[in-house]
Amino acid sequence: MIGGDKWQGSERLGGLRRFAVAITVLNLAGHFFLGFEQSYAQPLCSLATAYGMEILLEVVDARVNGRRPRFLGSLQAAVDFLLSPHITGLAVAMLLYSNARLWPTIFASAAAVGSKSVFRVAAGKGTRHVFNPSNFGIALTLLLFPWVGIAPPYHFTENLPAVGRWLLPAVVVLSGTYLNARFTHRLPLIAAWVSGFSLQALVRSLIFHTPVIAALLPMTGVAFILFTFYMVTDPATTPSESWSQVVFGAAVSIAYGLLVLFHIVFGLFFALMIVCGLRLLGLYVLGALRVGAPATRLEVGGVTGRSAPLPVPGAAMLERVDP
């Protein structure tokens, strides 16, 4: 499901830089103009935590493997190294709401960045993480601390006039479409996710008599658009082949529909976390059934490459494309 990923090298770096700029602009605009409900301290603490965790884990990994940390050498190297935690930290701070408390946001950022080292799939000499970092941190925080919630959807457009409430989602859709078409190549996944979400809404309406407008209403929010173009499409934790992307996107929509049936809130984040976990297990089972296929291993826990390997034949199509 992950063969020949194009999210590598200069294309990966170009995509990360543009994603980082986009989410930075949105956060600055949100806090100064749009009406974000969180305090200024939330993104600052989240960024400091994400940067610190990324640097700490890199230092440990570099020392264990006898190499120089990748953020050393030049200012450009340090900036590029921090692009990933920058995106994660701002995403966590923007989407979580814990009132005046800062530590839930700090915890979520630490868990998000840490998950990249704790849950990894390894193949030969390469590895990659399996959970979307920001989604993992958010979902874990929501599970452990029920009094923490998601930022209210109105805060993305609270202070905008009527025209602006249409323009902002349009800008997010256009920029997200460009970034995913040009860099991540995840448009099939987006199409499958949006189509699947619409279909599950219609099915729930037909079987359980849910008003179809109410079932489709989440699609009109900026939060849903951000999730669609900037979270569910994470190229490091989703399949690269088109048909596999369709399966992945459809699976997230099905998981969401089932969570709604059981009256579980925050279904978007939990659905993506569930599907990423099931995909990890699926890769292991699929590989175990392939007789004579090259062996790889599944790593859970510890610094990258240091935990005890679990044999996983047949997943050698995985290659490292993330730090």
# chains A, B, ... in the order shown; residues from 1 in each chain; ligands from 1
call {"tool": "residues_around", "arguments": {"residues": "Met273 of chain A", "least_positions_apart": "2", "cutoff": "9 Å", "atoms": "only C-alpha atoms", "output": "PyMOL selection string"}}
result
chain A and resi 131-132+135-136+139+252+268-271+275-278
call {"tool": "write_last_selection", "arguments": {"atoms": "C-alpha atoms", "output": "tab-separated table (two decimals), in the first residue's frame"}}
result
chain	number	residue	atom	x	y	z
A	131	PHE	CA	0.11	7.94	13.08
A	132	ASN	CA	-0.54	11.50	11.98
A	135	ASN	CA	-4.11	14.03	15.11
A	136	PHE	CA	-2.58	11.48	17.51
A	139	ALA	CA	-7.10	12.35	19.95
A	252	VAL	CA	-11.91	7.00	7.59
A	268	LEU	CA	-13.02	13.04	12.83
A	269	PHE	CA	-9.93	12.72	14.99
A	270	PHE	CA	-10.80	9.33	16.45
A	271	ALA	CA	-11.70	7.93	13.01
A	275	VAL	CA	-7.78	3.75	10.61
A	276	CYS	CA	-4.06	4.48	11.00
A	277	GLY	CA	-3.89	1.84	13.72
A	278	LEU	CA	-5.82	-0.70	11.66
call {"tool": "closest_residue", "arguments": {"among": "A:Gly52, A:Pro85, A:Pro133, A:Gly35", "to": "Arg17 of chain A", "atoms": "only C-alpha atoms"}}
result
A:Pro85
call {"tool": "atom_distance", "arguments": {"atom1": "atom CA of Val171 of chain A", "atom2": "atom CA of Leu142 of chain A"}}
result
29.0 Å
call {"tool": "atom_distance", "arguments": {"atom1": "atom CA of Gly137 of chain A", "atom2": "atom CA of Glu58 of chain A"}}
result
18.9 Å
call {"tool": "residues_around", "arguments": {"residues": "Phe19 of chain A", "least_positions_apart": "2", "cutoff": "9 Å", "atoms": "only C-alpha atoms", "output": "count of residues only"}}
result
13
call {"tool": "closest_residue", "arguments": {"among": "A:Thr141, A:Val60, A:Ser242, A:Ala78", "to": "Leu187 of chain A", "atoms": "only C-alpha atoms"}}
result
A:Ser242
call {"tool": "closest_atom_pairs", "arguments": {"of": "segment 163-244 of chain A", "to": "segment 88-108 of chain A", "cutoff": "12 Å", "atoms": "only C-alpha atoms", "output": "tab-separated table"}}
result
residue	atom	partner	partner_atom	distance
A:Val222	CA	A:Leu95	CA	11.1
A:Ala223	CA	A:Leu95	CA	8.1
A:Phe224	CA	A:Leu95	CA	11.1
A:Leu226	CA	A:Ala91	CA	9.8
A:Phe227	CA	A:Leu95	CA	10.0
A:Tyr230	CA	A:Ala91	CA	9.4
A:Met231	CA	A:Ala91	CA	9.1
A:Asp234	CA	A:Thr88	CA	11.3
call {"tool": "atom_distance", "arguments": {"atom1": "atom CA of Glu241 of chain A", "atom2": "atom CA of Leu280 of chain A"}}
result
16.2 Å
call {"tool": "residues_around", "arguments": {"residues": "Gly267 of chain A", "least_positions_apart": "4", "cutoff": "9 Å", "atoms": "only C-alpha atoms", "output": "ChimeraX atom specification"}}
result
/A:255-260,271-272
call {"tool": "closest_residue", "arguments": {"among": "A:Leu199, A:Val79, A:Val172, A:Met53", "to": "Leu26 of chain A", "atoms": "only C-alpha atoms"}}
result
A:Val172
call {"tool": "select_by_dssp", "arguments": {"residues": "segment 162-204 of chain A", "states": "alpha helix (DSSP H)", "output": "ChimeraX atom specification"}}
result
/A:164-179,187-204
call {"tool": "residues_around", "arguments": {"residues": "Ser253 of chain A", "least_positions_apart": "6", "cutoff": "6 Å", "atoms": "only C-alpha atoms", "output": "PyMOL selection string"}}
result
chain A and resi 193+196-197
call {"tool": "select_by_dssp", "arguments": {"residues": "segment 97-319 of chain A", "states": "strand (DSSP E)", "output": "number ranges by chain"}}
result
A: 97, 119-123, 126-129, 149-150, 295-300, 310-313
call {"tool": "write_last_selection", "arguments": {"atoms": "C-alpha atoms", "output": "PDB file, in the first residue's frame"}}
result
ATOM      1  CA  TYR A  97      -9.455  24.127  23.485  1.00  0.00           C
ATOM      2  CA  PHE A 119       5.166   3.972  16.718  1.00  0.00           C
ATOM      3  CA  ARG A 120       7.203   3.241  13.620  1.00  0.00           C
ATOM      4  CA  VAL A 121       7.150   0.716  10.841  1.00  0.00           C
ATOM      5  CA  ALA A 122      10.618  -0.349   9.763  1.00  0.00           C
ATOM      6  CA  ALA A 123      11.643  -1.949   6.472  1.00  0.00           C
ATOM      7  CA  GLY A 126      14.242   2.648   6.416  1.00  0.00           C
ATOM      8  CA  THR A 127      11.458   3.525   8.841  1.00  0.00           C
ATOM      9  CA  ARG A 128       8.391   5.735   8.990  1.00  0.00           C
ATOM     10  CA  HIS A 129       5.838   6.695  11.609  1.00  0.00           C
ATOM     11  CA  GLY A 149     -12.610  19.935  23.818  1.00  0.00           C
ATOM     12  CA  ILE A 150     -12.088  21.032  20.257  1.00  0.00           C
ATOM     13  CA  ALA A 295      11.222  -9.698   5.913  1.00  0.00           C
ATOM     14  CA  THR A 296      10.811  -6.364   7.611  1.00  0.00           C
ATOM     15  CA  ARG A 297       9.834  -5.460  11.114  1.00  0.00           C
ATOM     16  CA  LEU A 298       7.419  -3.442  13.150  1.00  0.00           C
ATOM     17  CA  GLU A 299       8.878  -1.215  15.833  1.00  0.00           C
ATOM     18  CA  VAL A 300       6.818  -0.004  18.764  1.00  0.00           C
ATOM     19  CA  LEU A 310       8.882  -7.854  15.372  1.00  0.00           C
ATOM     20  CA  PRO A 311       9.135  -9.829  12.078  1.00  0.00           C
ATOM     21  CA  VAL A 312       6.770  -8.555   9.396  1.00  0.00           C
ATOM     22  CA  PRO A 313       7.366 -10.317   6.052  1.00  0.00           C
TER      23      PRO A 313
END
call {"tool": "closest_residue", "arguments": {"among": "A:Ile225, A:Ala191, A:Val148, A:Val118", "to": "Leu57 of chain A", "atoms": "only C-alpha atoms"}}
result
A:Val118
call {"tool": "residues_around", "arguments": {"residues": "Phe156 of chain A", "least_positions_apart": "4", "cutoff": "9 Å", "atoms": "only C-alpha atoms", "output": "PyMOL selection string"}}
result
chain A and resi 30+34-36+152+160+165+168+221-223
call {"tool": "write_last_selection", "arguments": {"atoms": "C-alpha atoms", "output": "PDB file, in the first residue's frame"}}
result
ATOM      1  CA  GLY A  30      -6.745  33.779  13.610  1.00  0.00           C
ATOM      2  CA  LEU A  34     -10.439  36.031  12.868  1.00  0.00           C
ATOM      3  CA  GLY A  35     -11.358  35.473  16.516  1.00  0.00           C
ATOM      4  CA  PHE A  36      -9.436  32.441  17.768  1.00  0.00           C
ATOM      5  CA  PRO A 152     -15.434  26.025  18.548  1.00  0.00           C
ATOM      6  CA  LEU A 160     -15.313  38.241   9.414  1.00  0.00           C
ATOM      7  CA  ARG A 165     -16.957  33.825   5.718  1.00  0.00           C
ATOM      8  CA  LEU A 168     -11.695  32.146   3.853  1.00  0.00           C
ATOM      9  CA  GLY A 221     -17.179  24.265   8.584  1.00  0.00           C
ATOM     10  CA  VAL A 222     -13.613  25.510   8.219  1.00  0.00           C
ATOM     11  CA  ALA A 223     -12.481  22.832  10.683  1.00  0.00           C
TER      12      ALA A 223
END
call {"tool": "closest_residue", "arguments": {"among": "A:Leu261, A:Thr233, A:Ala250, A:Ala170", "to": "Arg204 of chain A", "atoms": "only C-alpha atoms"}}
result
A:Leu261
